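Taking it in order: structure first as structure tokens, then the write-up.
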Number of protein chains: 4
Amino acid sequence: MSFNTYGRLFRVTTWGESHGPAIGCVVDGCPPRIALSESDIQPFLDARRPGTSRFVTQRREPDAVRILSGVFEGLTTGTPISLMIENVDQRSRDYSEIRDRYRPGHADYTYDAKYGHRDYRGGGRSSARETANRVAAGAIARRIIDGVTIRGAVISIGEMEIDRANWDWSECANNPFWCPDARAAKAWEGYLDGVRKDGNSVGAVIEVHADGVPAGWGAPVYAKLDSEIAAGLMTINAAKGVEIGAGFAAGRSKGTDMADEMRLGEDGLPAFLANHSGGIQGGISNGNTITARLAIKPTSSMLTPTRSVNARGEEVDVVTKGRHDPCVGIRAVPVAEAMLACALADAMMMHRAQVGV
Amino acid sequence: MSFNTYGRLFRVTTWGESHGPAIGCVVDGCPPRIALSESDIQPFLDARRPGTSRFVTQRREPDAVRILSGVFEGLTTGTPISLMIENVDQRSRDYSEIRDRYRPGHADYTYDAKYGHRDYRGGGRSSARETANRVAAGAIARRIIDGVTIRGAVISIGEMEIDRANWDWSECANNPFWCPDARAAKAWEGYLDGVRKDGNSVGAVIEVHADGVPAGWGAPVYAKLDSEIAAGLMTINAAKGVEIGAGFAAGRSKGTDMADEMRLGEDGLPAFLANHSGGIQGGISNGNTITARLAIKPTSSMLTPTRSVNARGEEVDVVTKGRHDPCVGIRAVPVAEAMLACALADAMMMHRAQVGV
Amino acid sequence: MSFNTYGRLFRVTTWGESHGPAIGCVVDGCPPRIALSESDIQPFLDARRPGTSRFVTQRREPDAVRILSGVFEGLTTGTPISLMIENVDQRSRDYSEIRDRYRPGHADYTYDAKYGHRDYRGGGRSSARETANRVAAGAIARRIIDGVTIRGAVISIGEMEIDRANWDWSECANNPFWCPDARAAKAWEGYLDGVRKDGNSVGAVIEVHADGVPAGWGAPVYAKLDSEIAAGLMTINAAKGVEIGAGFAAGRSKGTDMADEMRLGEDGLPAFLANHSGGIQGGISNGNTITARLAIKPTSSMLTPTRSVNARGEEVDVVTKGRHDPCVGIRAVPVAEAMLACALADAMMMHRAQVGV
Amino acid sequence: MSFNTYGRLFRVTTWGESHGPAIGCVVDGCPPRIALSESDIQPFLDARRPGTSRFVTQRREPDAVRILSGVFEGLTTGTPISLMIENVDQRSRDYSEIRDRYRPGHADYTYDAKYGHRDYRGGGRSSARETANRVAAGAIARRIIDGVTIRGAVISIGEMEIDRANWDWSECANNPFWCPDARAAKAWEGYLDGVRKDGNSVGAVIEVHADGVPAGWGAPVYAKLDSEIAAGLMTINAAKGVEIGAGFAAGRSKGTDMADEMRLGEDGLPAFLANHSGGIQGGISNGNTITARLAIKPTSSMLTPTRSVNARGEEVDVVTKGRHDPCVGIRAVPVAEAMLACALADAMMMHRAQVGV
């Protein structure tokens with residue numbers, strides 16, 4: 001595995017910067033004879049696309065994906081699938097201000113420290129624009145693990161949490177927050193408007209589920225399914241924490257409260273009476289729903305001035321102007337879903353390689 | 001990377017089961033001419049070793065490590081370092097009871113579901129015994145990143161947390177919990193005695209730090225340093241959550257509270273006024289202390305009976321008899337340190353490969 | 001490493017089919033701050049380009065390369081470099097004839113046997129068109145190993161060999177065969193015209209050299225430099241054999257004839273009195289010129305009818321019509337050079353990772 | 001993939017030096033529920049073992065293999081299989097003479113140039129002793145690809161070639177050369193006695209076959225089956241050339257002579273009228289016998305003095321004393337078979353991962 005590739009067998013290599021001519025990815029290892037066209041991918045990109053509500057960045061990108069290889073007569077051929085998305089809305093503006101000064105909390109300083117040279121326009125390679133590729137690749141991954149349903153939701157924004165008793169997946173499409181709790185979603189509108197007006201930003205916690213994963217995917221010891229999923233989610237911009245199942249709450253619990261006891265289900269197969277494990281035990285799926293959570297920090301792009309230094313070794317203040325997301329976590333939902341899909345497609349293929357069908 | 005190998009360039013491949021003749025690992029990619037002998041590794045193994053207090057499993061293993069290759073005349077040769085630890089205390093006992101019945105929360109069911117065949121003695125490959133190898137490999141990793149100091153602590157056991165105001169690294173050696181807060185450690189004794197007497201178990205949260213990492217290690221996008229560390233920590237037995245820096249708290253915060261502002265330090269280099277990022281921005285180290293936390297669930301091995309099924313499709317009850325840890329999280333501290341050391345040694349070599357020195 | 005990626009740290013992932021809209025590659029792991037523009041790459045593509053003499057295929061492709069990412073203000077950024085070459089001359093023609101029938105010696109049957117679905121237009125993914133990407137990536141690799149000179153030549157076409165006593169690298173540019181022996185090149189013209197007129201094809205042997213590689217690149221045991229180079233050359237279309245140094249002649253020799261004895265050179269460093277080893281001993285470069293040879297089989301695309309079967313299980317005859325190369329080996333020279341450059345850039349980075357500078 | 005690991009999914013990591021306490025390997029990725037014990041592996045090691053005739057080194061090693069993990073109740077568990085072979089016959093002798101002086105043609109100088117430190121006893125890591133591990137791993141690989149028969153033979157020693165018309169696989173067991181031509185084997189005895197008495201050494205060419213490989217294994221473009229096999233064979237000590245099918249002869253031939261024409265076989269499936277391709281087309285197996293050849297150079301360990309330098313920069317002469325093989329190529333036959341087995345097991349698993357069964 002390398003710097004810009006995710007996966008072992010279902011491998012996604014992404015390229016491109018925020019303000020270059022295009023971004024894209026190469027999906028290698030996809031099984032052959034899967035029906036695939038741009039229209040299978042585009043809806044997922046549309047869901048992630050900026051500019052769709054006042055709560056996400058107003059950058060306007062059509063994000064139209066093109067398949068350049070690997071599909072013939074409507075079916076995958078087993079050879080690399082090259083996807084490309086043109087960067088359309090690269091507002092030509094004056095970057096001289098951020099060219100030298102490091103936005104605190106951003107990757108500006110660390111890229112310079114590492115490479116001694118960086119594309120400062122819009123964050124360059126560190127821009128969340130890169131995640132469009134993941135969403136596109138995730139759409140392909142979903143086709144590989146056909147019986148698996150992958151869904152994501154925002155379960156908290158800043159200190160505002162959902163009430164899990166109200167959880168309704170279908171509500172996620174009814175509000176601009178991917179919020180499964182209709183009542184919470186209402187409250188978030190005002191809250192987020194306040195954040196935006198203050199020139200501030202706010203973090204979020206995302207939860208993703210995979211239903212329909214059979215028992216047996218994943219592998220000890222360093223390819224544990226939870227580790228693969230955590231690694232994938234942690235590569236998402238601004239991610240600072242990952243949980244599987246009960247997560248940190250498990251670290252604060254007693255064993256008797258965390259036992260996922262088993263009985264025989266109606267089909268005569270083992271059934272779990274709870275799912276504190278998040279569908280994974282010993283690094284291997286147990287047939288239960290796989291659940292993971294992801295913490296996204298508040299973006300450092302704020303109208304509020306922050307103290308920093310510049311590349312010439314001077315102390316400066318940084319204020320972000322122009323379009324940005326008050327809560328970048330919202331747009332991370334389709335990305336987190338995509339990473340989960342990619343991790344599972346990879347795990348399925350790894351399992352099939354070793355154990356057969 | 002494969003099932004049982006961790007790392008890209010500094011690669012650790014482990015083997016062995018709880019009740020086989022031995023366990024071991026092969027450390028490949030180690031730089032040459034590093035002074036190394038068993039005595040550089042053994043102290044770390046001794047620190048992890050079971051049987052050292054009444055709060056950890058009473059299995060008695062000397063865990064004496066042998067270097068079988070890769071070191072000549074006291075120096076590493078650059079060729080694979082083979083380490084082996086014999087399994088001494090494999091109590092010959094009757095396993096017929098757990099042979100067929102799946103201990104809930106353990107990997108018993110999932111291993112069977114995946115492989116259709118498993119070494120049920122003491123958990124086989126899924127036993128935490130495997131982690132001795134990581135500690136051994138981590139001792140080598142520390143030698144590679146000489147200027148970096150890696151330390152770990154338990155910051156909570158069950159609902160009992162430390163007071164961070166009392167944090168004193170030197171206290172960790174003064175109690176059987178790796179607890180940096182002397183007062184909390186006192187309280188934990190009684191608490192954990194209670195858990196043990198109840199036949200219950202309890203989770204824990206571990207925090208690991210790396211001081212002295214220069215800015216520039218790690219790489220976008222899928223080899224981000226936080227992702228690599230998270231992946232490594234998540235492979236530790238019973239791990240259910242990982243945080244970098246502020247972690248999930250960042251997901252519940254405002255941007256103004258999470259900005260790691262910068263000023264010039266006394267040495268004229270950028271200095272950070274806070275470390276919410278945990279020393280990593282955009283996947284690359286920023287020169288600050290790297291901080292990560294790890295949630296370990298309570299072990300499912302309890303004297304309290306739990307409902308389960310067996311391999312013949314019958315409903316049964318499971319009770320764990322004999323030695324076990326009431327809080328497996330305690331012994332995970334040296335393991336978490338080791339995984340952090342391995343991740344950093346790998347990142348240093350990856351950085352050196354691409355950018356030079 | 002995966003299906004369509006070459007290299008460990010300097011990683012080239014290629015995509016695209018002969019008759020798709022474009023081909024391209026992603027070069028990941030390239031060091032930062034290397035001056036790079038399309039004009040550094042284009043000359044190598046022009047050298048490989050078909051349609052430049054009557055001895056190579058008359059397909060007309062401008063093969064204009066575009067850099068889509070990874071370069072900013074004229075310097076590499078250390079992030080993935082995406083290169084794209086549009087397919088311009090995709091003659092729209094009737095493929096119904098080869099759609100079902102397997103051209104013997106081609107990949108038609110094996111692709112179908114493997115994938116059950118293939119892009120039959122012009123060989124699809126198995127077309128030598130893919131090698132344009134390698135040449136482009138190789139141009140970048142050359143920049144990474146600046147002090148190394150890589151050159152290739154055709155040393156035989158069919159039964160016609162050069163006289164090594166006449167070897168003059170500068171002659172390679174003076175004939176359409178990359179032939180270093182001016183006299184042989186003359187003879188080859190008539191010979192190859194005969195082959196072409198007969199509707200036949202002919203194989204070739206290519207030799208590539210790398211001068212200036214310091215001692216120490218490569219690594220035991222499964223990343224031996226000779227193995228890495230052999231693997232790379234063997235992925236070139238129609239390759240059937242690879243030699244390092246004396247190659248198969250070494251297998252037919254005595255030890256006294258193959259000893260690369262050493263004396264002290266004028267600089268006081270070890271100097272070799274011969275180079276039967278081809279610059280590599282024990283898998284590691286010894287400072288001598290690295291030499292490798294590659295056998296390219298005659299293409300199966302011939303005007304001469306050959307017996308075959310079709311996908312419906314019927315016996316048929318196959319005749320290749322239209323443009324093709326009578327000796328595909330000729331155009332493999334820039335490709336072989338490129339693979340050698342990529343292997344060496346990778347080996348340099350691997351060495352730097354482990355041993356430092 | 002790393003320095004000391006071979007394979008992508010069926011991964012063999014070897015460790016150990018000629019004169020350390022032991023050598024061994026970890027075989028990761030092996031499918032579960034394969035019947036395996038030491039007695040499945042030992043016969044292959046016995047076949048490779050030195051000291052079995054006057055034509056191979058007189059080092060006496062029982063080479064008794066132990067399985068330390070990954071097998072339970074006679075079946076593989078899917079977890080890493082650790083194999084260990086103790087070094088018994090490490091004659092304690094005076095190495096001061098070769099400690100500093102570089103044996104020409106050996107890896108002495110290059111290891112020093114790379115690492116600045118090496119285990120000089122018996123070649124250390126560069127010793128052919130490492131290949132015992134491959135033979136052991138290959139025995140496991142054979143079990144994975146059960147229907148495939150892998151066989152190897154020496155087809156020439158120095159200038160002495162077999163007559164292919166006499167080829168009889170069963171003859172290989174009747175002479176100390178793995179020679180399939182009984183008449184040639186007779187002649188080789190005298191020839192090799194002469195070489196030995198002259199204090200010289202001689203190269204060899206080995207041919208390996210795999211029968212029963214179905215069409216479809218291998219993958220474009222950088223995991224072509226021929227490239228994988230070539231890479232594996234080229235990692236064998238003293239290998240200098242590899243051919244697939246017709247090999248270099250194809251480079252000297254016309255297309256009409258190299259066409260592997262197809263007709264329908266008696267079973268209604270495509271059958272090939274020849275096998276110049278060596279069973280592989282476009283990097284994918286075609287169902288025909290896979291054939292490869294390997295050139296092994298004569299060992300540089302000779303009684304004949306050769307000129308060299310030492311580590312102190314002085315010119316010296318080197319004479320090898322004591323036991324050694326006059327033709328190391330002979331003992332490479334089981335090793336070449338093993339590498340072919342490993343490559344095929346890996347290819348089968350890669351194919352199964354992507355395409356299913």
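Simple scheme: letters A, B, ... for chains in structure tokens order, numbers from 1 for residues in each chain, numbers from 1 for ligands in the order shown.
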
Residues of chain C that approach chain B to 12 Å or less, counting only C-alpha atoms: could you list each one with the shortest pair of atoms and its distance in Å to one decimal, rows by chain and increasing residue number, as a Markdown table?
| residue | atom | partner | partner_atom | distance |
| --- | --- | --- | --- | --- |
| C:Met1 | CA | B:Met1 | CA | 8.8 |
| C:Ser2 | CA | B:Met1 | CA | 11.0 |
| C:Arg8 | CA | B:Arg8 | CA | 9.4 |
| C:Leu9 | CA | B:Ala353 | CA | 7.8 |
| C:Phe10 | CA | B:Gln354 | CA | 8.5 |
| C:Arg11 | CA | B:Gln354 | CA | 11.5 |
| C:Asp28 | CA | B:Gln354 | CA | 10.2 |
| C:Gly29 | CA | B:Gln354 | CA | 6.4 |
| C:Cys30 | CA | B:Gln354 | CA | 6.7 |
| C:Pro31 | CA | B:Gln354 | CA | 4.9 |
| C:Pro32 | CA | B:Val355 | CA | 6.7 |
| C:Arg33 | CA | B:Val355 | CA | 9.3 |
| C:Ile34 | CA | B:Val355 | CA | 10.8 |
| C:Thr76 | CA | B:Val355 | CA | 11.6 |
| C:Thr77 | CA | B:Val355 | CA | 10.6 |
| C:Gly78 | CA | B:Gln354 | CA | 7.8 |
| C:Thr79 | CA | B:Pro220 | CA | 7.6 |
| C:Pro80 | CA | B:Pro220 | CA | 9.6 |
| C:Ile144 | CA | B:Gln354 | CA | 10.1 |
| C:Ala219 | CA | B:Thr79 | CA | 9.0 |
| C:Pro220 | CA | B:Thr79 | CA | 7.6 |
| C:Val221 | CA | B:Thr79 | CA | 8.8 |
| C:Tyr222 | CA | B:Thr79 | CA | 11.5 |
| C:Ala223 | CA | B:Gly29 | CA | 11.3 |
| C:Ala345 | CA | B:Ala353 | CA | 10.5 |
| C:Asp346 | CA | B:Ala353 | CA | 9.2 |
| C:Ala347 | CA | B:Ala353 | CA | 9.9 |
| C:Met348 | CA | B:Ala353 | CA | 8.2 |
| C:Met349 | CA | B:Ala353 | CA | 4.7 |
| C:Met350 | CA | B:Ala353 | CA | 6.2 |
| C:His351 | CA | B:Ala353 | CA | 7.6 |
| C:Arg352 | CA | B:Ala353 | CA | 5.2 |
| C:Ala353 | CA | B:Ala353 | CA | 4.2 |
| C:Gln354 | CA | B:Pro31 | CA | 4.9 |
| C:Val355 | CA | B:Pro31 | CA | 5.5 |
| C:Gly356 | CA | B:Arg352 | CA | 7.0 |
| C:Val357 | CA | B:Gly356 | CA | 7.3 |

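Residues lying within 9 Å of Met160 in chain C, counting only C-alpha atoms and ignoring same-chain neighbours fewer than 6 positions away, are Ala184, Ala187, Trp188 and Tyr191 of chain C; Arg252 of chain D.
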
Quote the spacing between CA of Asp198 in chain D and CA of Arg103 in chain D in Å to one decimal place.
18.7 Å

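Between CA of Gly203 in chain D and CA of Arg331 in chain D the interatomic distance comes to 11.7 Å.
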
Range 93-168 of chain B: which residues are alpha helix (DSSP H) by DSSP, as a compact mmCIF listing (two decimals) with all heavy atoms, in the first residue's frame?
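To be explicit, this is the file written out as states08.txt:
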# COMPACT_ATOMS: atom_id res chain seq x y z
N SER B 96 -12.55 -29.38 26.81
CA SER B 96 -13.75 -29.89 26.14
C SER B 96 -14.93 -28.94 26.31
O SER B 96 -15.79 -28.83 25.44
CB SER B 96 -14.10 -31.28 26.68
OG SER B 96 -14.25 -31.22 28.09
N GLU B 97 -14.91 -28.19 27.43
CA GLU B 97 -16.06 -27.33 27.69
C GLU B 97 -16.15 -26.14 26.72
O GLU B 97 -17.23 -25.77 26.28
CB GLU B 97 -15.99 -26.83 29.13
CG GLU B 97 -17.36 -26.54 29.71
CD GLU B 97 -17.25 -26.32 31.20
OE1 GLU B 97 -16.65 -27.18 31.89
OE2 GLU B 97 -17.71 -25.27 31.66
N ILE B 98 -15.00 -25.53 26.43
CA ILE B 98 -15.06 -24.37 25.53
C ILE B 98 -14.78 -24.76 24.08
O ILE B 98 -14.84 -23.95 23.17
CB ILE B 98 -14.10 -23.25 25.94
CG1 ILE B 98 -12.64 -23.73 25.87
CG2 ILE B 98 -14.43 -22.71 27.32
CD1 ILE B 98 -11.66 -22.57 25.80
N ARG B 99 -14.45 -26.04 23.90
CA ARG B 99 -14.15 -26.51 22.55
C ARG B 99 -15.31 -26.24 21.60
O ARG B 99 -15.12 -25.83 20.46
CB ARG B 99 -13.91 -28.01 22.65
CG ARG B 99 -13.66 -28.68 21.34
CD ARG B 99 -13.47 -30.18 21.54
NE ARG B 99 -12.90 -30.76 20.35
CZ ARG B 99 -11.96 -31.71 20.35
NH1 ARG B 99 -11.51 -32.20 21.47
NH2 ARG B 99 -11.50 -32.17 19.22
N ASP B 100 -16.49 -26.46 22.07
CA ASP B 100 -17.65 -26.34 21.21
C ASP B 100 -18.48 -25.09 21.48
O ASP B 100 -19.19 -24.62 20.61
CB ASP B 100 -18.55 -27.56 21.40
CG ASP B 100 -17.87 -28.81 20.93
OD1 ASP B 100 -17.19 -28.75 19.90
OD2 ASP B 100 -18.02 -29.84 21.60
N ASP B 108 -14.48 -16.64 19.32
CA ASP B 108 -14.73 -18.06 19.08
C ASP B 108 -15.66 -18.30 17.90
O ASP B 108 -15.36 -19.07 16.99
CB ASP B 108 -15.37 -18.71 20.32
CG ASP B 108 -14.47 -18.62 21.55
OD1 ASP B 108 -13.30 -18.21 21.41
OD2 ASP B 108 -14.97 -18.94 22.65
N TYR B 109 -16.80 -17.61 17.94
CA TYR B 109 -17.80 -17.84 16.90
C TYR B 109 -17.31 -17.35 15.54
O TYR B 109 -17.47 -18.02 14.52
CB TYR B 109 -19.11 -17.15 17.27
CG TYR B 109 -20.12 -17.15 16.15
CD1 TYR B 109 -20.61 -18.35 15.64
CD2 TYR B 109 -20.54 -15.96 15.58
CE1 TYR B 109 -21.51 -18.36 14.59
CE2 TYR B 109 -21.45 -15.96 14.53
CZ TYR B 109 -21.93 -17.16 14.03
OH TYR B 109 -22.82 -17.16 12.99
N THR B 110 -16.69 -16.16 15.54
CA THR B 110 -16.29 -15.59 14.25
C THR B 110 -15.15 -16.38 13.59
O THR B 110 -15.13 -16.55 12.37
CB THR B 110 -15.90 -14.11 14.40
OG1 THR B 110 -14.90 -13.96 15.42
CG2 THR B 110 -17.12 -13.26 14.77
N TYR B 111 -14.22 -16.87 14.39
CA TYR B 111 -13.17 -17.71 13.81
C TYR B 111 -13.78 -18.97 13.18
O TYR B 111 -13.39 -19.38 12.09
CB TYR B 111 -12.14 -18.12 14.87
CG TYR B 111 -10.96 -17.18 14.98
CD1 TYR B 111 -11.14 -15.85 15.36
CD2 TYR B 111 -9.66 -17.60 14.71
CE1 TYR B 111 -10.07 -14.98 15.48
CE2 TYR B 111 -8.58 -16.73 14.83
CZ TYR B 111 -8.78 -15.43 15.21
OH TYR B 111 -7.72 -14.58 15.33
N ASP B 112 -14.72 -19.56 13.89
CA ASP B 112 -15.36 -20.74 13.33
C ASP B 112 -16.14 -20.40 12.06
O ASP B 112 -16.12 -21.16 11.08
CB ASP B 112 -16.31 -21.36 14.36
CG ASP B 112 -15.74 -22.66 14.93
OD1 ASP B 112 -14.55 -22.95 14.69
OD2 ASP B 112 -16.49 -23.39 15.61
N ALA B 113 -16.83 -19.25 12.11
CA ALA B 113 -17.61 -18.84 10.94
C ALA B 113 -16.71 -18.60 9.74
O ALA B 113 -17.08 -18.89 8.60
CB ALA B 113 -18.42 -17.58 11.26
N LYS B 114 -15.54 -18.07 10.01
CA LYS B 114 -14.63 -17.77 8.91
C LYS B 114 -13.89 -19.00 8.42
O LYS B 114 -13.90 -19.32 7.23
CB LYS B 114 -13.59 -16.72 9.34
CG LYS B 114 -12.64 -16.31 8.21
CD LYS B 114 -11.68 -15.23 8.63
CE LYS B 114 -10.95 -14.68 7.41
NZ LYS B 114 -11.78 -13.86 6.54
N TYR B 115 -13.22 -19.67 9.34
CA TYR B 115 -12.27 -20.72 8.93
C TYR B 115 -12.84 -22.13 9.01
O TYR B 115 -12.27 -23.05 8.42
CB TYR B 115 -11.01 -20.64 9.80
CG TYR B 115 -10.25 -19.34 9.68
CD1 TYR B 115 -10.05 -18.52 10.78
CD2 TYR B 115 -9.71 -18.95 8.46
CE1 TYR B 115 -9.32 -17.34 10.68
CE2 TYR B 115 -8.99 -17.77 8.34
CZ TYR B 115 -8.80 -16.97 9.46
OH TYR B 115 -8.09 -15.80 9.36
N THR B 131 0.25 -10.31 21.65
CA THR B 131 0.75 -8.94 21.80
C THR B 131 2.16 -8.88 22.38
O THR B 131 2.81 -7.83 22.29
CB THR B 131 -0.19 -8.10 22.68
OG1 THR B 131 -0.29 -8.70 23.98
CG2 THR B 131 -1.58 -8.02 22.07
N ALA B 132 2.63 -9.98 22.96
CA ALA B 132 4.03 -9.97 23.43
C ALA B 132 4.97 -9.68 22.26
O ALA B 132 5.97 -8.97 22.39
CB ALA B 132 4.37 -11.30 24.10
N ASN B 133 4.62 -10.20 21.10
CA ASN B 133 5.44 -9.96 19.92
C ASN B 133 5.50 -8.48 19.57
O ASN B 133 6.52 -7.96 19.11
CB ASN B 133 4.85 -10.70 18.71
CG ASN B 133 4.91 -12.19 18.87
OD1 ASN B 133 5.94 -12.72 19.26
ND2 ASN B 133 3.81 -12.86 18.58
N ARG B 134 4.38 -7.81 19.74
CA ARG B 134 4.34 -6.39 19.39
C ARG B 134 5.25 -5.60 20.31
O ARG B 134 5.93 -4.66 19.89
CB ARG B 134 2.91 -5.87 19.53
CG ARG B 134 1.89 -6.70 18.77
CD ARG B 134 0.51 -6.17 19.09
NE ARG B 134 -0.56 -6.95 18.48
CZ ARG B 134 -1.58 -6.42 17.85
NH1 ARG B 134 -1.68 -5.10 17.75
NH2 ARG B 134 -2.52 -7.17 17.33
N VAL B 135 5.21 -5.99 21.58
CA VAL B 135 6.05 -5.29 22.55
C VAL B 135 7.52 -5.48 22.20
O VAL B 135 8.33 -4.54 22.25
CB VAL B 135 5.73 -5.79 23.97
CG1 VAL B 135 6.72 -5.23 24.97
CG2 VAL B 135 4.30 -5.39 24.35
N ALA B 136 7.86 -6.70 21.79
CA ALA B 136 9.24 -6.97 21.39
C ALA B 136 9.62 -6.16 20.16
O ALA B 136 10.68 -5.52 20.11
CB ALA B 136 9.41 -8.47 21.13
N ALA B 137 8.74 -6.15 19.17
CA ALA B 137 9.02 -5.38 17.95
C ALA B 137 9.09 -3.89 18.25
O ALA B 137 9.91 -3.16 17.69
CB ALA B 137 7.95 -5.68 16.90
N GLY B 138 8.22 -3.46 19.15
CA GLY B 138 8.21 -2.04 19.52
C GLY B 138 9.52 -1.61 20.16
O GLY B 138 9.97 -0.47 19.97
N ALA B 139 10.14 -2.52 20.88
CA ALA B 139 11.43 -2.19 21.50
C ALA B 139 12.47 -1.89 20.43
O ALA B 139 13.33 -1.02 20.59
CB ALA B 139 11.88 -3.33 22.40
N ILE B 140 12.38 -2.62 19.31
CA ILE B 140 13.30 -2.36 18.20
C ILE B 140 12.94 -1.03 17.53
O ILE B 140 13.82 -0.23 17.19
CB ILE B 140 13.27 -3.52 17.19
CG1 ILE B 140 13.72 -4.82 17.89
CG2 ILE B 140 14.13 -3.22 15.99
CD1 ILE B 140 13.61 -6.06 17.03
N ALA B 141 11.65 -0.81 17.35
CA ALA B 141 11.20 0.43 16.71
C ALA B 141 11.71 1.65 17.48
O ALA B 141 12.13 2.65 16.90
CB ALA B 141 9.68 0.46 16.62
N ARG B 142 11.70 1.57 18.79
CA ARG B 142 12.17 2.69 19.60
C ARG B 142 13.63 3.03 19.30
O ARG B 142 14.03 4.20 19.32
CB ARG B 142 12.06 2.35 21.10
CG ARG B 142 10.65 2.36 21.66
CD ARG B 142 10.64 1.80 23.08
NE ARG B 142 9.32 1.42 23.53
CZ ARG B 142 8.57 2.15 24.38
NH1 ARG B 142 9.03 3.29 24.84
NH2 ARG B 142 7.37 1.74 24.74
N ARG B 143 14.42 1.99 19.01
CA ARG B 143 15.84 2.24 18.71
C ARG B 143 16.01 2.98 17.40
O ARG B 143 17.01 3.65 17.17
CB ARG B 143 16.61 0.91 18.64
CG ARG B 143 16.49 0.04 19.90
CD ARG B 143 16.97 0.79 21.13
NE ARG B 143 18.35 1.21 21.02
CZ ARG B 143 19.36 0.51 21.51
NH1 ARG B 143 19.14 -0.63 22.14
NH2 ARG B 143 20.59 0.95 21.37
N ILE B 144 15.04 2.80 16.50
CA ILE B 144 15.15 3.43 15.17
C ILE B 144 14.84 4.92 15.26
O ILE B 144 15.42 5.72 14.54
CB ILE B 144 14.18 2.72 14.20
CG1 ILE B 144 14.61 1.26 14.03
CG2 ILE B 144 14.11 3.44 12.86
CD1 ILE B 144 13.63 0.43 13.22

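One distance worth recording is that between CA of Ser127 in chain A and CA of Val26 in chain A, which is 18.7 Å.
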
Would you pick out the contacts of Ser253 in chain B at 12 Å or less, using only C-alpha atoms, so that residues sharing its chain but fewer than 6 positions from it are not included, and give the list as a PyMOL selection string?
(chain A and resi 156-160+195+200-205+295-300+327+329) or (chain B and resi 246-247+259+276)

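Every protein or nucleic acid residue with an atom no more than 10 Å from Gly152 in chain D, counting only C-alpha atoms and leaving out same-chain residues fewer than 5 positions away, appears here: Trp169, Cys172, Trp178, Cys179, Pro180, Ile206, Glu207, Val208, His209, Ala210, Thr291, Ala292, Arg293, Ala332, Val333, Pro334, Val335, Ala336, Glu337, Ala338 and Leu340 of chain D.
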